[in-house]
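Single-structure report; data block below.
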Amino acid sequence: MTNSQRRSQWSPTPGEEANGVVERSGIDDAARARLLQSAREILGSGVEPGTGARAATGLIVGYVQSGKTLSFTTVIGLARDNGFPLVIVVAGNKDNLLTQSHQRLAKDLDVEGGVGLPAWIMEKNPRAQNNQYEQLIRRTITNWRDNSLDADEKPTLLLTVLKQNQRLQSLTNLLRRMDLQGVPALVIDDEADQASLNTKVNQGQESTTYTRLRELRDALPCHTFLQYTATPQAPLLINIADTLSPDFVHVLEPGDGYVGGEEFFRRGSPYVKTIPAGDIPPNNALPVDPPNSLLEALRLFF
């Protein structure tokens, strides 16, 4: 894992939650160490709990299918270990994608497992019209501020929300009812290149999703906002004064077993088989039977 563009502002300490994510990941010891160090650099480049009202924006870049989800899950665990009472994950612009992300987070963080008091309270798409969610957030913050409670008596509230106009606005409306001064929050924007950026900047306007994310951030006086993506060109090229312009960039390097575009498309790649010239119909005439290379490709695919 490479270092962040700027030096870490503070040094988070891995505890039970971050270590648990890494141990359950199934990767080898060297990869575990790199993953934890990367998570420490990412979270440590953002806002330190107890330092007052401010915000930081990070851009986290990784190859396609190179472990971005495992990275931000480890960062979330590390946030819990270091006193963050509130984590928000903006994931997917379709319900099935959000459900998939919600279920994976619950599994990787072992939300339903473990012994003793729960470390997490996890909810999906909280609604401002439901008093249950307001009470839940208030109770989380009240417990976090209660110095008579031990750390394991203060579960972290993990909210997953669809990257969609009404869902984001509903969550923001909930947060606006709270006194969140000094309350450290972590916000993850998964696939940050999709819908998050201001697509109307050239017209001097704001696109809807961009506005909703900006409003969400405005409702959190003390937070770190992490943009995870495999296509960072747009976030890097936006105006430096834009609210989504990153204060720091961190590059995720895939493990030794990663197979991506460089391996697939280089000359002589063992992962690529060339279609024999004899299997290509002359003059685009359809063959009577499928060629052997097509049958083999179908067998591999299925």
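Order determines the names: the first chain of the structure tokens is A, the second B, and so forth; residues in each chain are numbered 1 upward, and ligands are numbered 1 upward as they are shown.
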Who sits within 8 Å of Pro155 in chain A, only C-alpha atoms, same chain under 5 positions skipped, as a ChimeraX atom specification: /A:85,118-121,140
Test item: residues at most 12 Å from Thr69 in chain A, only C-alpha atoms, excluding those fewer than 4 positions along its chain, as a ChimeraX atom specification: /A:21,25,35,39,60-65,73-76,89,91,100-102,104-105,108-109,188-191,227-230,252
Output N, CA, C and O atoms for every residue in that selection, as a short mmCIF file (atom, residue, chain, number, x, y, z; two decimals), in the first residue's frame.
```cif
data_model
loop_
_atom_site.label_atom_id
_atom_site.label_comp_id
_atom_site.auth_asym_id
_atom_site.auth_seq_id
_atom_site.Cartn_x
_atom_site.Cartn_y
_atom_site.Cartn_z
N VAL A 21 -11.77 -7.89 11.17
CA VAL A 21 -12.01 -7.85 9.72
C VAL A 21 -10.85 -8.49 8.98
O VAL A 21 -11.03 -9.31 8.07
N SER A 25 -10.61 -12.18 6.73
CA SER A 25 -10.50 -11.94 5.29
C SER A 25 -9.92 -13.13 4.53
O SER A 25 -10.11 -13.24 3.32
N LEU A 35 -2.73 -4.39 4.66
CA LEU A 35 -4.10 -3.90 4.73
C LEU A 35 -4.31 -3.01 5.95
O LEU A 35 -4.89 -1.93 5.86
N ALA A 39 -5.11 1.01 6.01
CA ALA A 39 -6.30 1.55 6.69
C ALA A 39 -5.90 2.62 7.70
O ALA A 39 -6.59 3.64 7.84
N ILE A 60 -9.66 7.49 -2.48
CA ILE A 60 -9.00 6.19 -2.34
C ILE A 60 -9.15 5.45 -3.66
O ILE A 60 -10.27 5.14 -4.09
N VAL A 61 -8.03 5.15 -4.30
CA VAL A 61 -8.03 4.62 -5.66
C VAL A 61 -7.51 3.18 -5.64
O VAL A 61 -6.46 2.89 -5.06
N GLY A 62 -8.25 2.30 -6.30
CA GLY A 62 -7.81 0.92 -6.43
C GLY A 62 -8.20 0.37 -7.78
O GLY A 62 -9.14 0.84 -8.42
N TYR A 63 -7.49 -0.66 -8.22
CA TYR A 63 -7.86 -1.33 -9.47
C TYR A 63 -9.24 -1.97 -9.33
O TYR A 63 -9.75 -2.19 -8.23
N VAL A 64 -9.87 -2.31 -10.48
CA VAL A 64 -11.14 -3.02 -10.47
C VAL A 64 -10.96 -4.36 -9.76
O VAL A 64 -10.01 -5.10 -10.04
N GLN A 65 -11.85 -4.66 -8.84
CA GLN A 65 -11.84 -5.93 -8.10
C GLN A 65 -10.50 -6.18 -7.41
O GLN A 65 -9.99 -7.29 -7.40
N THR A 73 -13.99 -1.57 4.58
CA THR A 73 -14.52 -2.30 5.74
C THR A 73 -13.51 -2.28 6.88
O THR A 73 -13.88 -2.11 8.05
N THR A 74 -12.23 -2.43 6.55
CA THR A 74 -11.19 -2.36 7.58
C THR A 74 -11.11 -0.96 8.17
O THR A 74 -10.95 -0.79 9.39
N VAL A 75 -11.24 0.07 7.32
CA VAL A 75 -11.24 1.45 7.80
C VAL A 75 -12.43 1.68 8.75
O VAL A 75 -12.30 2.35 9.78
N ILE A 76 -13.58 1.11 8.41
CA ILE A 76 -14.76 1.24 9.27
C ILE A 76 -14.51 0.58 10.62
O ILE A 76 -14.83 1.15 11.68
N VAL A 89 -22.36 4.72 5.03
CA VAL A 89 -21.85 4.18 3.77
C VAL A 89 -22.89 4.45 2.69
O VAL A 89 -24.02 3.96 2.76
N ALA A 91 -23.86 3.61 -0.82
CA ALA A 91 -23.45 2.48 -1.66
C ALA A 91 -24.53 2.13 -2.67
O ALA A 91 -25.63 1.71 -2.29
N GLN A 100 -26.79 -5.71 -1.33
CA GLN A 100 -25.58 -6.52 -1.43
C GLN A 100 -24.47 -5.94 -0.57
O GLN A 100 -23.79 -6.67 0.17
N SER A 101 -24.26 -4.63 -0.65
CA SER A 101 -23.22 -3.99 0.16
C SER A 101 -23.54 -4.07 1.64
O SER A 101 -22.65 -4.33 2.47
N HIS A 102 -24.81 -3.88 2.00
CA HIS A 102 -25.24 -3.95 3.40
C HIS A 102 -24.96 -5.33 3.98
O HIS A 102 -24.41 -5.47 5.08
N ARG A 104 -22.85 -7.63 2.86
CA ARG A 104 -21.42 -7.94 2.94
C ARG A 104 -20.78 -7.24 4.14
O ARG A 104 -19.94 -7.83 4.83
N LEU A 105 -21.14 -5.99 4.37
CA LEU A 105 -20.60 -5.29 5.53
C LEU A 105 -20.98 -6.00 6.83
O LEU A 105 -20.15 -6.17 7.73
N ASP A 108 -18.72 -9.14 6.98
CA ASP A 108 -17.29 -8.90 7.18
C ASP A 108 -17.00 -8.25 8.53
O ASP A 108 -15.92 -8.45 9.11
N LEU A 109 -17.95 -7.48 9.04
CA LEU A 109 -17.79 -6.87 10.36
C LEU A 109 -18.31 -7.77 11.48
O LEU A 109 -18.20 -7.42 12.66
N ILE A 188 -18.41 6.99 3.86
CA ILE A 188 -17.80 6.28 2.73
C ILE A 188 -18.69 6.47 1.51
O ILE A 188 -19.89 6.16 1.56
N ASP A 189 -18.13 6.96 0.42
CA ASP A 189 -18.84 7.05 -0.86
C ASP A 189 -18.28 5.97 -1.77
O ASP A 189 -17.20 6.14 -2.35
N ASP A 190 -18.98 4.85 -1.87
CA ASP A 190 -18.52 3.75 -2.71
C ASP A 190 -18.83 4.06 -4.17
O ASP A 190 -19.90 4.58 -4.49
N GLU A 191 -17.89 3.72 -5.07
CA GLU A 191 -18.01 4.07 -6.49
C GLU A 191 -18.27 5.57 -6.63
O GLU A 191 -19.27 6.01 -7.20
N GLN A 227 -13.81 8.90 -0.67
CA GLN A 227 -14.32 8.53 -1.99
C GLN A 227 -13.54 7.34 -2.51
O GLN A 227 -12.34 7.46 -2.79
N TYR A 228 -14.20 6.21 -2.65
CA TYR A 228 -13.56 5.00 -3.17
C TYR A 228 -13.93 4.82 -4.64
O TYR A 228 -15.11 4.88 -5.00
N THR A 229 -12.94 4.60 -5.48
CA THR A 229 -13.20 4.44 -6.91
C THR A 229 -12.02 3.76 -7.61
O THR A 229 -10.89 3.82 -7.13
N ALA A 230 -12.33 3.14 -8.75
CA ALA A 230 -11.28 2.62 -9.62
C ALA A 230 -11.03 3.55 -10.79
O ALA A 230 -10.10 3.34 -11.57
N LEU A 252 -4.48 2.12 -3.44
CA LEU A 252 -4.48 0.75 -2.95
C LEU A 252 -3.74 -0.12 -3.96
O LEU A 252 -4.08 -0.14 -5.14
#
```
Members of range 168-229 of chain A assigned helix (DSSP H, G or I) by DSSP, as an MDAnalysis selection string: chainID A and resid 168:176 201:203 208:218
Find the residues around Asn165 in chain A up to 8 Å (only C-alpha atoms counted), leave out those fewer than 6 positions away in its own chain, and share them as a tab-separated table (two decimals) with C-alpha atoms, in the first residue's frame.
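Result file is selection-v2.tsv:
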```tsv
chain	number	residue	atom	x	y	z
A	208	THR	CA	-29.27	16.66	-7.51
A	209	THR	CA	-27.12	13.88	-6.05
A	212	ARG	CA	-27.67	15.89	-1.48
```
Among listed residues A:Leu295, A:Ser148, A:Lys273, A:Glu153, nearest Gly116 in chain A (using only C-alpha atoms): A:Glu153
Polymer residues at most 6 Å from Ala53 in chain A, only C-alpha atoms, same-chain spacing of 3 or more positions, as JSON, numbers by chain: {"A": [182, 221, 222]}
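If you look at CA of Pro246 in chain A and CA of Thr160 in chain A, they are 22.2 Å away from each other.
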